[in-house]
Each structure stands twice: as C-alpha cells, then as structure tokens.
Amino acid sequence: MPIGIGYDIHKISSFGTMTLGGITIESLPAFEAESDGDVIIHAVIDALLGATNNILENNKDISDFFNSDKTKTEKDSRKILVKVLETITQKKILLIVNIDIVVIAARPKIKDYKEEIITNLTNILNLDKKQITIKGKSNNGIGETGSGKAVSCMAIIETKN
C-alpha cells in the first residue's frame with residue numbers, strides 16, 4: 001500500500017478571496033501565489049504524486065504539473081488536481097484508500113468549513129466522505145501560521161493499486 005505525504009504553505013495577501021479545499025472563504029483575502037494558492041489541494045496533489053511514484057516513476061511534484069505548458073496559466077487548483085488524476089489513471093488504475101489532512105491556520109477556523117471541504121474533495125476524487133479526514137490546528141499563536149499571516153497544510157494519502 002503506497003503512501004504519500006504532501007505539504008504546502010502560503011502567505012495571506014491583502015486582496016482577493018481565499019480558496020481552501022476548493023471552496024471560497026469570502027471572509028478572508030486570497031493567498032500570495034501563482035495559482036489560487038489552495039494549500040489543501042496542493043498538499044493533496046503532492047501526497048498523491050508521492051504515493052503513485054511507483055506508477056509514474058518520475059518523482060514529479062505539483063510544480064512539475066503547474067509549470068507544464070497546459071497548466072502554466074491555470075489558477076484553479078481543482079483543475080490541476082484533475083490533470084494529475086488523469087495522468088495517474090492513464091498509467092494504471094489506482095484506488096485511494098484514505099486521505100488525512102491537517103490544516104495549520106489561526107484563521108479560518110477549519111471546523112466551520114470542514115464538511116464543505118470534505119464534500120468538495122469527495123466529488124473531485126470520487127471518494128466516500130469516510131475516506132477523508134480534516135483537522136484544524138491553530139499553531140497557538142506561534143510563527144506565521146499562528147499569527148494569521150499564513151496557512152499551511154499537510155496531507156497523507158494511502159493508496160492501493
């Protein structure tokens with residue numbers, strides 16, 4: 001059972017609207033990033049690529065897909081995730097067993113958005129809600145994430161092929 005881990009962090013900007021787990025958080029400004037900066041989806045993509053390296057055999061990460069000609073201007077992280085899934089399924093059928101996500105942020109409070117994010121991810125990944133867990137941590141005021149200047153995320157994916 002291959003396992004992959006992903007991580008991402010982005011500073012919060014002073015403009016735009018935040019996207020997190022593919023949903024819009026109207027009350028917070030966007031991330032400083034080339035794309036929408038969705039740290040949840042970015043961490044999930046890297047975890048998925050790590051878990052499937054035995055299929056792809058090329059040690060790719062999200063930057064390899066984001067910087068490709070077809071997605072270079074793509075701002076919607078959901079579309080990049082779909083491209084990664086298409087690449088993996090073209091090579092071999094893969095079954096995602098479990099995704100465990102930890103979001104580190106002073107704000108937003110993840111518990112307020114958890115169900116909506118899980119629903120969105122299950123729709124994109126064609127999974128059951130019981131296969132995805134999301135936990136929010138505040139970092140207790142420590143560092144950029146704890147002071148509300150950034151949001152980070154870690155994701156672990158267990159797969160079966």
# chains A, B, ... in the order shown; residues from 1 in each chain; ligands from 1

$ residues_around --residues "Thr89 of chain A" --least-positions-apart "5" --cutoff "12 Å" --atoms "only C-alpha atoms" --output "MDAnalysis selection string"
chainID A and resid 48:49 52 55:56 82:84 94:96 125 161

$ select_by_dssp --residues "segment 20-131 of chain A" --states "strand (DSSP E or B)" --output "list in words"
Leu20, Ile23, Thr24, Ile25, Phe31, Leu95, Ile96, Val97, Asn98, Ile99, Asp100, Ile101, Val102, Val103 and Ile104 of chain A

$ closest_residue --among "A:Ile156, A:Ile12, A:Leu81, A:Ala43" --to "Leu28 of chain A" --atoms "only C-alpha atoms"
A:Ile12

$ closest_residue --among "A:Met1, A:Ile99, A:Ile110, A:Ala155" --to "Gly136 of chain A" --atoms "only C-alpha atoms"
A:Ile110

$ closest_residue --among "A:Ala51, A:Ile117, A:Ile132, A:Ala33" --to "Thr159 of chain A" --atoms "only C-alpha atoms"
A:Ala51

$ atom_distance --atom1 "atom CA of Lys129 of chain A" --atom2 "atom CA of Ile101 of chain A"
13.0 Å

$ residues_around --residues "Asp38 of chain A" --least-positions-apart "4" --cutoff "8 Å" --atoms "only C-alpha atoms" --output "ChimeraX atom specification"
/A:18-22,31,42,77

$ closest_residue --among "A:Thr133, A:Ser152, A:Asn120, A:Asn126" --to "Asn98 of chain A" --atoms "only C-alpha atoms"
A:Thr133

$ closest_residue --among "A:Val39, A:Ile124, A:Ile3, A:Ile62" --to "Val102 of chain A" --atoms "only C-alpha atoms"
A:Val39

$ atom_distance --atom1 "atom CA of Ala106 of chain A" --atom2 "atom CA of Asp128 of chain A"
28.4 Å

$ closest_residue --among "A:Lys114, A:Lys75, A:His10, A:Arg107" --to "Gly148 of chain A" --atoms "only C-alpha atoms"
A:Arg107

$ residues_around --residues "Asp76 of chain A" --least-positions-apart "2" --cutoff "7 Å" --atoms "only C-alpha atoms" --output "list in words"
Ser35, Asp36, Glu74, Arg78, Lys79 and Ile80 of chain A

$ atom_distance --atom1 "atom CA of Lys91 of chain A" --atom2 "atom CA of Asn54 of chain A"
10.5 Å
